[in-house]
Amino acid sequence: MDVLEVQAGNGDVTSSMVTIGKYLNPKLYVGFGHALFNNSNELRVRYRLGSAWEFESNVGLESGADLYYRIEFD
């Protein structure tokens, strides 16, 4: 396990979720989330496409995909 995250659900305690995740390699992350107060789960996959681009997809009650551009400051 590389990541342990607790999300409060935009201030709504009933939609709180605990997520655990693992980096399978430096470019690929897989996480699984479980809601604390209802019986919902979420699977999240993030893949680094290059030095600045990342693709993320999540499957659960709400599914979707995002494309991120990362800017790092020194």
# chains A, B, ... in the order shown; residues from 1 in each chain; ligands from 1

$ select_by_dssp --residues "stretch 1-64 of chain A" --states "strand (DSSP E or B)" --output "count of residues only"
38

$ residues_around --residues "A:Asn58" --least-positions-apart "5" --cutoff "10 Å" --atoms "only C-alpha atoms" --output "ChimeraX atom specification"
/A:30-32,42-46,63-66

$ residues_around --residues "A:His34" --least-positions-apart "2" --cutoff "10 Å" --atoms "only C-alpha atoms" --output "number ranges by chain"
A: 6, 15-20, 32, 36-43, 60

$ closest_residue --among "A:Val13, A:Ala8, A:Ile71, A:Met1" --to "A:Tyr29" --atoms "only C-alpha atoms"
A:Met1

$ residues_around --residues "A:Phe55" --least-positions-apart "5" --cutoff "7 Å" --atoms "only C-alpha atoms" --output "list in words"
Arg46, Tyr47, Arg48, Leu49, Asp66, Leu67 and Tyr68 of chain A

$ atom_distance --atom1 "atom CA of A:Glu54" --atom2 "atom CA of A:Tyr69"
6.5 Å
